[in-house]
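Enquirer: Pasting run.cif below, which is mmCIF, C-alpha atoms and all ligand atoms.
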data_target
loop_
_atom_site.label_atom_id
_atom_site.label_comp_id
_atom_site.auth_asym_id
_atom_site.auth_seq_id
_atom_site.Cartn_x
_atom_site.Cartn_y
_atom_site.Cartn_z
CA PHE A 12 51.80 13.48 119.19
CA PRO A 13 50.96 10.00 120.35
CA LYS A 14 54.03 7.79 120.70
CA THR A 15 54.61 4.99 118.20
CA ASP A 16 54.38 1.68 120.02
CA LEU A 17 57.36 -0.12 118.50
CA ALA A 18 56.70 -3.33 120.44
CA LYS A 19 53.31 -3.68 118.74
CA LEU A 20 54.63 -3.20 115.21
CA ASP A 21 55.39 -6.18 112.98
CA HIS A 22 58.52 -5.61 110.90
CA THR A 23 57.29 -8.21 108.40
CA ALA A 24 53.97 -6.42 107.71
CA ARG A 25 53.20 -6.29 103.97
CA PHE A 26 52.47 -2.57 103.88
CA SER A 27 55.41 -0.31 104.71
CA CYS A 28 52.95 2.20 106.20
CA ALA A 29 52.34 -0.33 109.00
CA ARG A 30 56.04 -0.63 109.84
CA ALA A 31 58.60 1.60 111.51
CA SER A 32 61.08 2.96 108.95
CA PRO A 33 63.77 5.16 110.51
CA LEU A 34 65.68 7.74 108.51
CA THR A 35 68.88 5.72 108.85
CA CYS A 36 68.48 2.02 109.58
CA LEU A 37 70.89 -0.57 110.95
CA ASN A 38 71.49 -1.93 107.44
CA GLN A 39 71.72 1.41 105.68
CA GLY A 40 74.75 0.50 103.56
CA LEU A 41 72.86 -2.41 102.04
CA CYS A 42 69.78 -0.23 101.49
CA ASN A 43 71.87 2.39 99.70
CA GLU A 44 73.31 -0.24 97.34
CA LEU A 45 69.93 -1.73 96.47
CA ASP A 46 68.55 1.76 96.01
CA VAL A 47 71.06 2.30 93.20
CA MET A 48 69.45 -0.68 91.44
CA ARG A 49 66.02 0.86 92.05
CA ARG A 50 67.16 4.13 90.48
CA LEU A 51 68.79 2.35 87.55
CA ARG A 52 65.60 0.40 86.76
CA GLU A 53 63.51 3.53 87.14
CA LEU A 54 65.71 5.44 84.70
CA GLU A 55 65.47 2.54 82.25
CA GLY A 56 61.69 2.69 82.44
CA GLU A 57 61.48 -0.74 84.07
CA GLU A 58 58.84 0.26 86.56
CA ARG A 59 57.95 -3.18 87.89
CA SER A 60 61.53 -4.06 88.58
CA ALA A 61 62.14 -0.64 90.18
CA LEU A 62 59.18 -1.21 92.45
CA SER A 63 60.56 -4.62 93.49
CA TYR A 64 63.78 -2.95 94.59
CA ARG A 65 61.90 -0.14 96.30
CA ARG A 66 59.86 -2.69 98.25
CA ALA A 67 62.94 -4.71 99.14
CA VAL A 68 64.77 -1.61 100.41
CA ALA A 69 61.76 -0.62 102.50
CA SER A 70 61.53 -4.16 103.88
CA ILE A 71 65.17 -4.13 105.00
CA LYS A 72 64.73 -0.59 106.40
CA SER A 73 62.24 -1.91 108.94
CA TYR A 74 64.41 -4.83 110.05
CA PRO A 75 65.37 -4.02 113.65
CA ARG A 76 68.81 -5.69 113.80
CA LYS A 77 72.03 -5.61 111.86
CA LEU A 78 72.01 -8.40 109.29
CA SER A 79 74.86 -10.85 108.82
CA LEU A 80 75.48 -13.80 106.50
CA SER A 81 74.24 -16.26 109.11
CA ASP A 82 70.78 -14.64 109.16
CA HIS A 83 69.56 -16.73 106.22
CA ALA A 84 66.23 -17.65 107.75
CA GLU A 85 65.58 -14.12 108.96
CA ILE A 86 66.24 -12.65 105.51
CA HIS A 87 63.91 -15.23 103.95
CA ARG A 88 61.18 -14.17 106.33
CA LEU A 89 61.38 -10.51 105.22
CA PRO A 90 58.68 -9.51 102.74
CA TYR A 91 59.61 -8.66 99.14
CA ILE A 92 63.03 -10.34 99.14
CA GLY A 93 62.81 -12.64 96.09
CA ALA A 94 65.51 -15.02 94.85
CA LYS A 95 67.40 -12.41 92.84
CA ILE A 96 67.50 -9.76 95.55
CA PHE A 97 68.26 -12.42 98.18
CA LYS A 98 71.44 -13.23 96.23
CA MET A 99 72.40 -9.56 96.13
CA VAL A 100 71.84 -9.26 99.88
CA GLU A 101 74.09 -12.27 100.44
CA GLU A 102 76.73 -10.85 98.13
CA TYR A 103 76.67 -7.59 100.05
CA LEU A 104 76.84 -9.26 103.44
CA ASP A 105 79.72 -11.41 102.20
CA THR A 106 81.83 -8.83 100.32
CA GLY A 107 80.48 -5.38 101.29
CA LYS A 108 79.40 -4.66 97.72
CA ILE A 109 77.18 -5.83 94.87
CA GLY A 110 78.68 -6.50 91.43
CA GLU A 111 75.70 -5.25 89.44
CA VAL A 112 75.65 -2.02 91.42
CA GLU A 113 79.37 -1.49 90.88
CA ALA A 114 78.86 -1.99 87.15
CA ALA A 115 75.97 0.46 87.07
CA ARG A 116 78.04 3.09 88.87
CA LYS A 117 80.76 2.77 86.22
CA SER A 118 78.41 2.91 83.25
CA GLU A 119 78.33 6.07 81.17
CA ARG A 120 74.67 5.55 80.36
CA PHE A 121 73.58 5.39 84.03
CA THR A 122 75.73 8.41 84.89
CA SER A 123 74.23 10.51 82.08
CA LEU A 124 70.65 9.40 82.70
CA GLN A 125 71.04 10.23 86.38
CA LEU A 126 72.46 13.62 85.54
CA PHE A 127 69.69 14.45 83.05
CA ALA A 128 66.93 13.30 85.38
CA SER A 129 68.37 15.43 88.20
CA VAL A 130 67.06 18.45 86.30
CA TYR A 131 63.56 19.32 87.44
CA GLY A 132 61.15 18.56 84.59
CA ILE A 133 63.27 15.87 82.97
CA GLY A 134 61.84 12.43 83.70
CA PRO A 135 63.32 9.03 82.85
CA SER A 136 61.84 8.82 79.36
CA THR A 137 63.04 12.30 78.35
CA ALA A 138 66.44 11.43 79.84
CA ARG A 139 66.63 8.28 77.69
CA ASP A 140 65.52 10.24 74.66
CA LEU A 141 68.26 12.83 75.20
CA TYR A 142 70.82 10.06 75.64
CA ALA A 143 69.67 8.43 72.41
CA ARG A 144 70.24 11.77 70.66
CA GLY A 145 73.86 11.52 71.74
CA LEU A 146 73.76 13.92 74.68
CA ARG A 147 76.02 12.99 77.62
CA SER A 148 76.95 16.01 79.73
CA VAL A 149 75.47 19.17 81.27
CA ARG A 150 77.13 21.12 78.44
CA ASP A 151 75.25 18.98 75.93
CA LEU A 152 72.01 19.66 77.77
CA GLU A 153 72.61 23.40 77.88
CA ALA A 154 73.34 23.48 74.18
CA PHE A 155 70.26 21.41 73.45
CA TYR A 156 67.94 23.63 75.48
CA GLU A 157 69.84 26.80 74.47
CA VAL A 158 70.55 27.99 77.99
CA GLU A 159 72.98 30.89 78.21
CA GLY A 160 74.24 31.27 81.74
CA PRO A 161 72.12 31.45 84.89
CA LEU A 162 68.71 33.01 84.35
CA GLU A 163 68.04 36.26 86.11
CA VAL A 164 65.03 37.17 88.19
CA GLY A 165 62.23 38.38 85.99
CA ALA A 166 63.73 36.74 82.91
CA VAL A 167 60.76 34.45 82.93
CA GLU A 168 57.18 35.42 83.61
CA THR A 169 55.64 33.69 86.59
CA ASP A 170 52.75 32.48 84.50
CA ALA A 171 53.16 28.74 84.55
CA GLY A 172 50.34 27.93 82.16
CA ALA A 173 51.82 29.75 79.21
CA GLN A 174 55.33 28.34 79.41
CA GLY A 175 55.13 24.66 78.69
CA VAL A 176 57.51 21.93 79.68
CA ASP A 177 60.57 23.02 77.74
CA MET A 178 60.55 26.41 79.42
CA ASP A 179 60.42 24.69 82.81
CA ILE A 180 63.42 22.61 81.85
CA LYS A 181 65.27 25.67 80.65
CA ILE A 182 64.65 27.42 83.97
CA ALA A 183 65.60 24.34 85.96
CA LEU A 184 68.76 23.90 83.90
CA GLY A 185 69.77 27.52 84.45
CA LEU A 186 69.29 27.00 88.18
CA ARG A 187 70.62 23.46 88.27
CA GLN A 188 73.67 24.02 90.46
CA GLU A 189 71.79 26.18 92.94
CA LEU A 190 68.83 23.83 93.20
CA ALA A 191 71.13 20.83 93.69
CA LEU A 192 72.43 22.24 96.99
CA PRO A 193 70.77 20.57 99.99
CA ILE A 194 68.77 22.79 102.34
CA PRO A 195 69.70 22.55 106.03
CA ARG A 196 66.88 22.35 108.58
CA VAL A 197 67.48 25.84 109.99
CA GLU A 198 67.06 27.28 106.52
CA VAL A 199 63.87 25.30 105.91
CA GLU A 200 62.55 26.86 109.13
CA MET A 201 63.68 30.34 108.08
CA ILE A 202 61.98 30.03 104.69
CA HIS A 203 58.81 28.84 106.42
CA ARG A 204 58.85 31.88 108.75
CA VAL A 205 59.37 34.31 105.89
CA ILE A 206 56.47 32.81 103.95
CA MET A 207 54.16 32.76 106.99
CA ASP A 208 54.89 36.46 107.60
CA GLU A 209 53.88 37.27 104.02
CA LEU A 210 50.82 35.03 104.22
CA GLU A 211 49.72 36.82 107.40
CA VAL A 212 49.54 40.02 105.33
CA VAL A 213 47.55 38.38 102.52
CA GLN A 214 45.25 36.42 104.85
CA PRO A 215 45.63 36.60 108.62
CA GLY A 216 45.04 33.48 110.73
CA CYS A 217 46.37 30.69 108.49
CA VAL A 218 47.99 27.59 109.94
CA SER A 219 50.68 25.45 108.34
CA THR A 220 52.93 22.42 108.70
CA ILE A 221 56.32 21.90 107.08
CA VAL A 222 56.01 18.46 105.47
CA GLY A 223 58.20 16.33 103.16
CA GLY A 224 61.60 15.02 104.18
CA TYR A 225 62.04 17.78 106.76
CA ARG A 226 59.16 16.39 108.77
CA ARG A 227 60.62 12.88 108.55
CA GLY A 228 63.80 14.20 110.17
CA LYS A 229 66.12 14.62 107.18
CA THR A 230 69.07 16.83 108.15
CA ALA A 231 69.00 18.42 104.70
CA SER A 232 66.21 18.51 102.11
CA ASN A 233 66.10 18.93 98.36
CA ASP A 234 63.11 21.22 98.56
CA VAL A 235 60.75 22.77 101.10
CA ASP A 236 57.16 21.49 101.22
CA ILE A 237 54.55 23.39 103.24
CA VAL A 238 50.84 22.57 103.70
CA PHE A 239 48.54 25.47 104.62
CA THR A 240 44.94 25.99 105.58
CA HIS A 241 42.67 28.52 107.26
CA PRO A 242 40.05 27.60 109.89
CA ASP A 243 37.51 29.38 107.68
CA GLY A 244 37.47 27.24 104.52
CA THR A 245 36.08 30.01 102.30
CA LYS A 246 39.29 31.95 102.97
CA THR A 247 41.54 29.24 101.50
CA VAL A 248 40.05 29.33 98.00
CA GLY A 249 42.32 31.25 95.64
CA LEU A 250 44.76 31.91 98.46
CA CYS A 251 47.64 30.03 96.85
CA THR A 252 47.56 32.34 93.83
CA LYS A 253 47.35 35.42 96.06
CA LEU A 254 50.28 34.32 98.17
CA VAL A 255 52.45 33.51 95.17
CA LYS A 256 51.61 36.88 93.62
CA ARG A 257 52.64 38.63 96.84
CA LEU A 258 55.86 36.60 97.15
CA HIS A 259 56.70 37.40 93.54
CA GLU A 260 56.08 41.12 94.06
CA ARG A 261 58.38 41.04 97.07
CA GLY A 262 61.09 39.37 94.99
CA LEU A 263 60.89 36.23 97.13
CA VAL A 264 59.55 33.98 94.39
CA THR A 265 61.47 34.19 91.12
CA HIS A 266 59.80 31.40 89.14
CA VAL A 267 56.65 29.32 89.27
CA MET A 268 56.99 25.85 87.82
CA HIS A 269 53.40 24.87 88.33
CA LEU A 270 50.24 26.46 89.66
CA SER A 271 47.02 24.54 90.02
CA SER A 272 43.69 25.22 91.60
CA PHE A 273 41.16 23.17 93.51
CA HIS A 274 38.93 20.74 91.77
CA ALA A 275 36.57 18.25 93.35
CA HIS A 276 38.15 15.32 95.16
CA ASN A 277 36.61 12.82 92.75
CA ALA A 278 37.06 14.87 89.61
CA LEU A 279 38.98 13.44 86.68
CA ARG A 280 42.64 13.10 87.60
CA THR A 281 45.36 15.01 85.83
CA HIS A 282 48.90 13.69 85.94
CA HIS A 283 49.27 15.37 89.32
CA TRP A 284 48.53 13.33 92.37
CA ASP A 285 45.79 15.29 94.04
CA SER A 286 43.35 18.11 93.66
CA LEU A 287 44.81 20.52 96.17
CA GLU A 288 45.63 24.08 95.24
CA LYS A 289 49.39 24.13 94.95
CA SER A 290 52.28 26.05 93.56
CA LEU A 291 55.74 24.69 92.85
CA THR A 292 58.04 27.67 93.04
CA VAL A 293 61.62 28.84 93.05
CA PHE A 294 62.14 30.86 96.20
CA ARG A 295 64.91 33.35 96.89
CA PRO A 296 65.53 33.95 100.61
CA PRO A 297 65.61 37.68 101.47
CA SER A 298 69.35 37.95 102.07
CA PRO A 299 71.97 39.04 99.55
CA ASP A 300 73.65 36.13 97.73
CA ALA A 301 71.11 33.68 99.12
CA THR A 302 70.84 30.37 97.29
CA ARG A 303 67.58 29.93 95.45
CA ARG A 304 65.47 27.01 96.63
CA ARG A 305 62.61 24.89 95.38
CA VAL A 306 59.57 25.53 97.58
CA ASP A 307 56.21 23.75 97.20
CA LEU A 308 53.17 25.52 98.64
CA ILE A 309 50.09 23.35 99.15
CA PHE A 310 46.71 24.72 100.21
CA ALA A 311 44.04 22.48 101.69
CA LEU A 312 40.52 23.13 102.91
CA PRO A 313 40.38 22.80 106.71
CA GLN A 314 38.55 19.46 106.47
CA THR A 315 41.29 17.97 104.25
CA TYR A 316 44.23 19.51 106.12
CA TRP A 317 45.30 16.29 107.83
CA THR A 318 45.04 14.14 104.71
CA ALA A 319 47.17 16.76 102.95
CA VAL A 320 49.73 16.72 105.77
CA VAL A 321 49.88 12.91 105.76
CA GLY A 322 49.92 12.78 101.95
CA TRP A 323 52.80 15.23 101.68
CA THR A 324 54.93 13.95 104.55
CA GLY A 325 55.98 10.91 102.51
CA SER A 326 58.05 8.95 101.89
CA THR A 327 56.99 7.99 98.38
CA MET A 328 56.92 4.28 99.32
CA PHE A 329 55.01 5.02 102.51
CA GLU A 330 52.42 6.97 100.52
CA ARG A 331 52.08 4.25 97.92
CA ASP A 332 51.39 1.63 100.58
CA LEU A 333 49.05 3.96 102.42
CA ARG A 334 46.93 4.09 99.26
CA SER A 335 47.10 0.29 99.00
CA ALA A 336 46.21 -0.17 102.67
CA ALA A 337 43.26 2.17 102.16
CA LYS A 338 42.15 0.20 99.12
CA ALA A 339 42.32 -3.05 101.08
CA GLN A 340 39.83 -1.47 103.51
CA GLY A 341 37.50 -0.47 100.68
CA MET A 342 38.66 3.13 100.94
CA LYS A 343 40.44 5.57 98.70
CA PHE A 344 43.18 7.84 100.01
CA ASP A 345 44.93 10.78 98.50
CA SER A 346 46.21 14.09 99.84
CA SER A 347 42.89 15.77 99.15
CA GLY A 348 40.62 13.31 100.89
CA ILE A 349 39.42 9.90 102.00
CA THR A 350 36.44 8.25 100.31
CA ARG A 351 34.69 4.95 101.04
CA ARG A 352 34.31 3.18 97.73
CA HIS A 353 30.95 1.45 98.03
CA ASP A 354 28.92 4.52 98.97
CA SER A 355 31.33 7.39 98.16
CA LYS A 356 31.11 8.56 101.78
CA VAL A 357 33.83 11.14 102.40
CA PHE A 358 35.78 11.14 105.68
CA TYR A 359 37.27 14.25 107.26
CA PRO A 360 39.82 13.27 109.90
CA ARG A 361 40.23 15.93 112.61
CA THR A 362 43.71 14.80 113.59
CA GLU A 363 46.61 13.13 111.85
CA LYS A 364 46.16 9.98 113.94
CA GLU A 365 42.56 9.67 112.75
CA VAL A 366 43.86 9.14 109.20
CA PHE A 367 45.65 6.02 110.45
CA ASP A 368 42.66 4.97 112.58
CA ILE A 369 40.28 5.11 109.60
CA PHE A 370 42.45 2.58 107.76
CA GLY A 371 42.97 0.42 110.85
CA LEU A 372 46.69 1.20 110.79
CA PRO A 373 48.95 1.64 113.82
CA TRP A 374 50.17 5.18 114.44
CA ILE A 375 53.54 5.73 112.79
CA ASP A 376 55.43 8.85 113.83
CA PRO A 377 56.61 11.01 110.88
CA SER A 378 60.23 10.21 111.81
CA LEU A 379 59.44 6.52 111.17
CA ARG A 380 57.86 7.02 107.73
CA ASN A 381 61.15 6.80 105.81
CA ALA A 382 60.14 3.63 103.96
P1 LIG A 401 63.32 15.82 99.41
O1 LIG A 401 63.91 15.24 98.16
O2 LIG A 401 64.37 16.12 100.41
O3 LIG A 401 62.44 16.98 99.14
O4 LIG A 401 62.43 14.62 100.02
P2 LIG A 401 60.86 14.56 100.14
O5 LIG A 401 60.51 13.29 100.76
O6 LIG A 401 60.36 15.82 100.79
O7 LIG A 401 60.34 14.47 98.66
P3 LIG A 401 59.38 15.46 97.86
O8 LIG A 401 59.57 16.85 98.27
O9 LIG A 401 59.55 15.12 96.42
O10 LIG A 401 57.91 14.99 98.23
C1 LIG A 401 57.37 15.08 99.51
C2 LIG A 401 56.26 14.12 99.65
O11 LIG A 401 55.11 14.61 98.99
C3 LIG A 401 56.59 12.78 99.02
O12 LIG A 401 56.29 11.76 99.92
C4 LIG A 401 55.69 12.61 97.88
C5 LIG A 401 54.68 13.69 98.02
N1 LIG A 401 54.47 14.41 96.75
C6 LIG A 401 55.38 14.91 95.90
N2 LIG A 401 54.81 15.48 94.85
C7 LIG A 401 53.48 15.35 95.03
C8 LIG A 401 52.32 15.74 94.31
O13 LIG A 401 52.36 16.34 93.23
N3 LIG A 401 51.12 15.43 94.87
C9 LIG A 401 51.03 14.78 96.07
N4 LIG A 401 49.84 14.51 96.59
N5 LIG A 401 52.08 14.40 96.76
C10 LIG A 401 53.27 14.67 96.26
MG MG A 402 60.59 17.70 99.84
#
Would it be possible to restate this file's structure as structure tokens?

Expert:
Amino acid sequence: FPKTDLAKLDHTARFSCARASPLTCLNQGLCNELDVMRRLRELEGEERSALSYRRAVASIKSYPRKLSLSDHAEIHRLPYIGAKIFKMVEEYLDTGKIGEVEAARKSERFTSLQLFASVYGIGPSTARDLYARGLRSVRDLEAFYEVEGPLEVGAVETDAGAQGVDMDIKIALGLRQELALPIPRVEVEMIHRVIMDELEVVQPGCVSTIVGGYRRGKTASNDVDIVFTHPDGTKTVGLCTKLVKRLHERGLVTHVMHLSSFHAHNALRTHHWDSLEKSLTVFRPPSPDATRRRVDLIFALPQTYWTAVVGWTGSTMFERDLRSAAKAQGMKFDSSGITRRHDSKVFYPRTEKEVFDIFGLPWIDPSLRNA
């Protein structure tokens, strides 16, 4: 890895992918409070407002000193801190809390929406719909989706296509408590090893990187994300399906939430973000009583391996700005490739740093991509 040159980075850069964003910043308490507002707006379907909060949080994340009330001018100089959020920042620095956030925390609606949306497959609009139907608690949800106790292995076929969204929600609801438990780093590494051992049987010689929050240094993750490839590109096609089949046969994968195959980089987009072959699974570690875990397996061709690694390392805000920074350069970025817009020339970076170089961005270490 090259080292990130912190002295050369501008903490007021417009794009968060050009700034250093540590996992925990010097003003983390303030960020956490504003992030509640972001979540609230997101759950209410107020996307623009949610994005404003997300940008403000990311802006404060990159600020290299602890803020205090006397830092007026400094706060004004930070990008994405408008009049309304500026007031909230002041309120926080003055009193240690924000009235609107306190109110949100106490509201039944916010609590229920948050709970509903914590179930994999339930997004903000479904959550609001369920709330409007009078649902409030997990019990209500279980009754609504007719879940009877935790689902057993094999209760559901691992054929994602045939199930539909409601079945996904039913599975996720049955596994809700298990899947809500954070995954410590050592377990992420163990799961990765187990999967690599199985993959070696299906197709020897693959390489992989654990991505997502783990790669950004999170001490515990909500799921495990792994990007794979094989030096011989022809060997990666169809490999995701083969691996999942093997893992299922070995009792290591109990459910598949989503399975998709390659399509061309510029092909019509589905609601998923990229055209990589991927499988979103429920994984059961090979020890008795092990907690089941969400594991995402992503397969890239060797030439798109590094865009896949960058695209799946996150954070969400970092990725969003990376796409914007690419666009500003007349390029298009997603996990499955980089294309120059005016002539559709496709770029295949051979290292992770080259992805940043192509967009004229400074190198940002994964541990500093927590925008
Ligand atoms: P967590 O909650 O501990 O798992 O935290 P993260 O940051 O690992 O979040 P996660 O697993 O939802 O996503 C990992 C990164 O991958 C995140 O920056 C966004 C990106 N990502 C998530 N879903 C998709 C997808 O369907 N397509 C692409 N291209 N990227 C995705
Ligand atoms: Mg993750």

Enquirer: For Gly145 in chain A, find every residue with an atom within 12 Å (counting all atoms listed in the file), except residues of its own chain fewer than 2 positions away, and show them as an mmCIF file with C-alpha atoms, in the frame of the given file.

Expert:
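Saved as result20.cif:
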data_model
loop_
_atom_site.group_PDB
_atom_site.id
_atom_site.type_symbol
_atom_site.label_atom_id
_atom_site.label_comp_id
_atom_site.auth_asym_id
_atom_site.auth_seq_id
_atom_site.Cartn_x
_atom_site.Cartn_y
_atom_site.Cartn_z
ATOM 1 C CA GLU A 119 78.330 6.070 81.170
ATOM 2 C CA ARG A 120 74.670 5.550 80.360
ATOM 3 C CA SER A 123 74.230 10.510 82.080
ATOM 4 C CA LEU A 124 70.650 9.400 82.700
ATOM 5 C CA ALA A 138 66.440 11.430 79.840
ATOM 6 C CA ARG A 139 66.630 8.280 77.690
ATOM 7 C CA ASP A 140 65.520 10.240 74.660
ATOM 8 C CA LEU A 141 68.260 12.830 75.200
ATOM 9 C CA TYR A 142 70.820 10.060 75.640
ATOM 10 C CA ALA A 143 69.670 8.430 72.410
ATOM 11 C CA ARG A 147 76.020 12.990 77.620
ATOM 12 C CA SER A 148 76.950 16.010 79.730
ATOM 13 C CA ASP A 151 75.250 18.980 75.930
ATOM 14 C CA LEU A 152 72.010 19.660 77.770
ATOM 15 C CA PHE A 155 70.260 21.410 73.450
#

Enquirer: Can you tell me how far CA of Pro215 in chain A sits from CA of Lys253 in chain A, in Å to one decimal?

Expert: 12.7 Å

Enquirer: Find, counting all atoms listed in the file, the residue in A:Gly132, A:Pro296, A:Gly216, A:Gly249 that gets nearest to His203 in chain A.

Expert: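 Closest to His203 in chain A, using all atoms listed in the file: A:Pro296.
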
Enquirer: Which of these residues is nearest to ligand MG 402 (chain A), using all atoms listed in the file: A:Leu80, A:Met328, A:Leu312, A:Val199?

Expert: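 Answer, going by the shortest atom-to-atom distance: A:Val199.
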
Enquirer: Name the closest residue to ligand LIG 401 (chain A) among the candidates A:Arg380, A:His259, A:Lys108, A:Arg65; distances are taken between atoms, counting only C-alpha atoms and all ligand atoms.

Expert: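 Ranking A:Arg380, A:His259, A:Lys108, A:Arg65 by distance to ligand LIG 401 (chain A), first place goes to A:Arg380.
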
Enquirer: Just the number, please: distance in Å from CA of Ile92 in chain A to CA of Leu333 in chain A, one decimal.

Expert: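 Atom-to-atom, CA of Ile92 in chain A to CA of Leu333 in chain A, that is 20.3 Å.
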
Enquirer: List as a PDB file with C-alpha atoms, in the coordinates of the input the protein and nucleic acid residues lying within 6 Å of ligand MG 402 (chain A), with all atoms listed in the file counted.

Expert:
ATOM      1  CA  GLY A 223      58.200  16.330 103.160  1.00  0.00           C
ATOM      2  CA  GLY A 224      61.600  15.020 104.180  1.00  0.00           C
ATOM      3  CA  ASN A 233      66.100  18.930  98.360  1.00  0.00           C
ATOM      4  CA  ASP A 234      63.110  21.220  98.560  1.00  0.00           C
ATOM      5  CA  VAL A 235      60.750  22.770 101.100  1.00  0.00           C
ATOM      6  CA  ASP A 236      57.160  21.490 101.220  1.00  0.00           C
TER       7      ASP A 236
END

Enquirer: Measuring atom to atom with all atoms listed in the file, identify which of A:Val357, A:Ala311, A:Ala183, A:Met342 is nearest to ligand LIG 401 (chain A).

Expert: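 Under the stated criterion, the closest residue is A:Ala311.
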
Enquirer: Step by step: start from the point (45.8, 16.2, 101.9) in the file's coordinates, keep every protein, DNA or RNA residue that has an atom no farther than 12 Å from it, count all atoms listed in the file, and write the set as a PyMOL selection string.

Expert: chain A and resi 220+222+237-240+273+276+284-289+309-325+330+344-349+358-360+362-363+366

Enquirer: Around the point (70.2, -0.7, 94.8) in the file's coordinates, collect all residues with an atom within 9 Å, using all atoms listed in the file, and return them as number ranges by chain.

Expert: A: 41-51, 64-65, 68, 109, 111-112

Enquirer: What's the separation between CA of Ala336 in chain A and CA of Ala382 in chain A, in Å to one decimal place?

Expert: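 Distance reported for this atom pair: 14.5 Å.
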
Enquirer: Ranking A:Ser298, A:Thr137, A:Ser79, A:Asn381 by minimum distance to Thr327 in chain A and counting all atoms listed in the file, which one comes first?

Expert: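 For Thr327 in chain A, the nearest of the given residues is A:Asn381.
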
Enquirer: In terms of the shortest atom-to-atom distance over all atoms listed in the file, which of A:Val197, A:Leu254, A:Ile369, A:Ile221 is closest to ligand LIG 401 (chain A)?

Expert: A:Ile221

Enquirer: Report as a VMD selection string all protein, DNA and RNA residues lying within 12 Å of range 34-39 of chain A, evaluated on all atoms listed in the file, omitting residues in the same chain fewer than 4 positions from it.

Expert: chain A and resid 43 to 46 68 to 79 100 103 to 104 107 224 to 231 325 to 326 376 to 382

Enquirer: Specify the axis-aligned box that encloses all atoms of ligand LIG 401 (chain A) listed in the file after padding of 3 Å on each side, stating its centre and edge lengths in Å to one decimal as JSON.

Expert:
{"center_x": 57.1, "center_y": 14.4, "center_z": 97.0, "size_x": 20.5, "size_y": 11.2, "size_z": 13.6}

Enquirer: Tell me, as a list in words, which residues lie within 9 Å of range 93-97 of chain A, counting all atoms listed in the file; anything in the same chain fewer than 2 positions away does not count.

Expert: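 Residues meeting the cut-off are Leu45, Ser63, Tyr64, Ala67, Ile86, His87, Pro90, Tyr91, Met99, Val100, Glu101 and Glu102 of chain A.
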
Enquirer: Could the residues in this selection be written to a file with C-alpha atoms, as a CSV table (one decimal), in the coordinates of the input?

Expert:
chain,number,residue,atom,x,y,z
A,45,LEU,CA,69.9,-1.7,96.5
A,63,SER,CA,60.6,-4.6,93.5
A,64,TYR,CA,63.8,-3.0,94.6
A,67,ALA,CA,62.9,-4.7,99.1
A,86,ILE,CA,66.2,-12.6,105.5
A,87,HIS,CA,63.9,-15.2,104.0
A,90,PRO,CA,58.7,-9.5,102.7
A,91,TYR,CA,59.6,-8.7,99.1
A,99,MET,CA,72.4,-9.6,96.1
A,100,VAL,CA,71.8,-9.3,99.9
A,101,GLU,CA,74.1,-12.3,100.4
A,102,GLU,CA,76.7,-10.8,98.1

Enquirer: Could you please fill out range 320-330 of chain A with N, CA and C atoms and send it back as a short mmCIF file (atom, residue, chain, number, x, y, z; two decimals), in the frame of the given file?

Expert:
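Result file follows (part36.cif):
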data_model
loop_
_atom_site.label_atom_id
_atom_site.label_comp_id
_atom_site.auth_asym_id
_atom_site.auth_seq_id
_atom_site.Cartn_x
_atom_site.Cartn_y
_atom_site.Cartn_z
N VAL A 320 48.48 16.83 105.00
CA VAL A 320 49.73 16.72 105.77
C VAL A 320 50.28 15.29 105.67
N VAL A 321 49.42 14.31 105.85
CA VAL A 321 49.88 12.91 105.76
C VAL A 321 50.36 12.61 104.34
N GLY A 322 49.59 13.07 103.35
CA GLY A 322 49.92 12.78 101.95
C GLY A 322 51.20 13.44 101.47
N TRP A 323 51.59 14.52 102.10
CA TRP A 323 52.80 15.23 101.68
C TRP A 323 53.98 15.02 102.61
N THR A 324 53.80 14.23 103.67
CA THR A 324 54.93 13.95 104.55
C THR A 324 55.82 12.87 103.93
N GLY A 325 55.20 11.95 103.18
CA GLY A 325 55.98 10.91 102.51
C GLY A 325 56.31 9.79 103.48
N SER A 326 57.32 8.96 103.16
CA SER A 326 58.05 8.95 101.89
C SER A 326 57.17 8.45 100.74
N THR A 327 57.72 8.44 99.56
CA THR A 327 56.99 7.99 98.38
C THR A 327 56.46 6.56 98.57
N MET A 328 57.32 5.68 99.10
CA MET A 328 56.92 4.28 99.32
C MET A 328 55.83 4.20 100.38
N PHE A 329 56.00 4.98 101.44
CA PHE A 329 55.01 5.02 102.51
C PHE A 329 53.66 5.44 101.95
N GLU A 330 53.66 6.46 101.11
CA GLU A 330 52.42 6.97 100.52
C GLU A 330 51.77 5.93 99.61
#
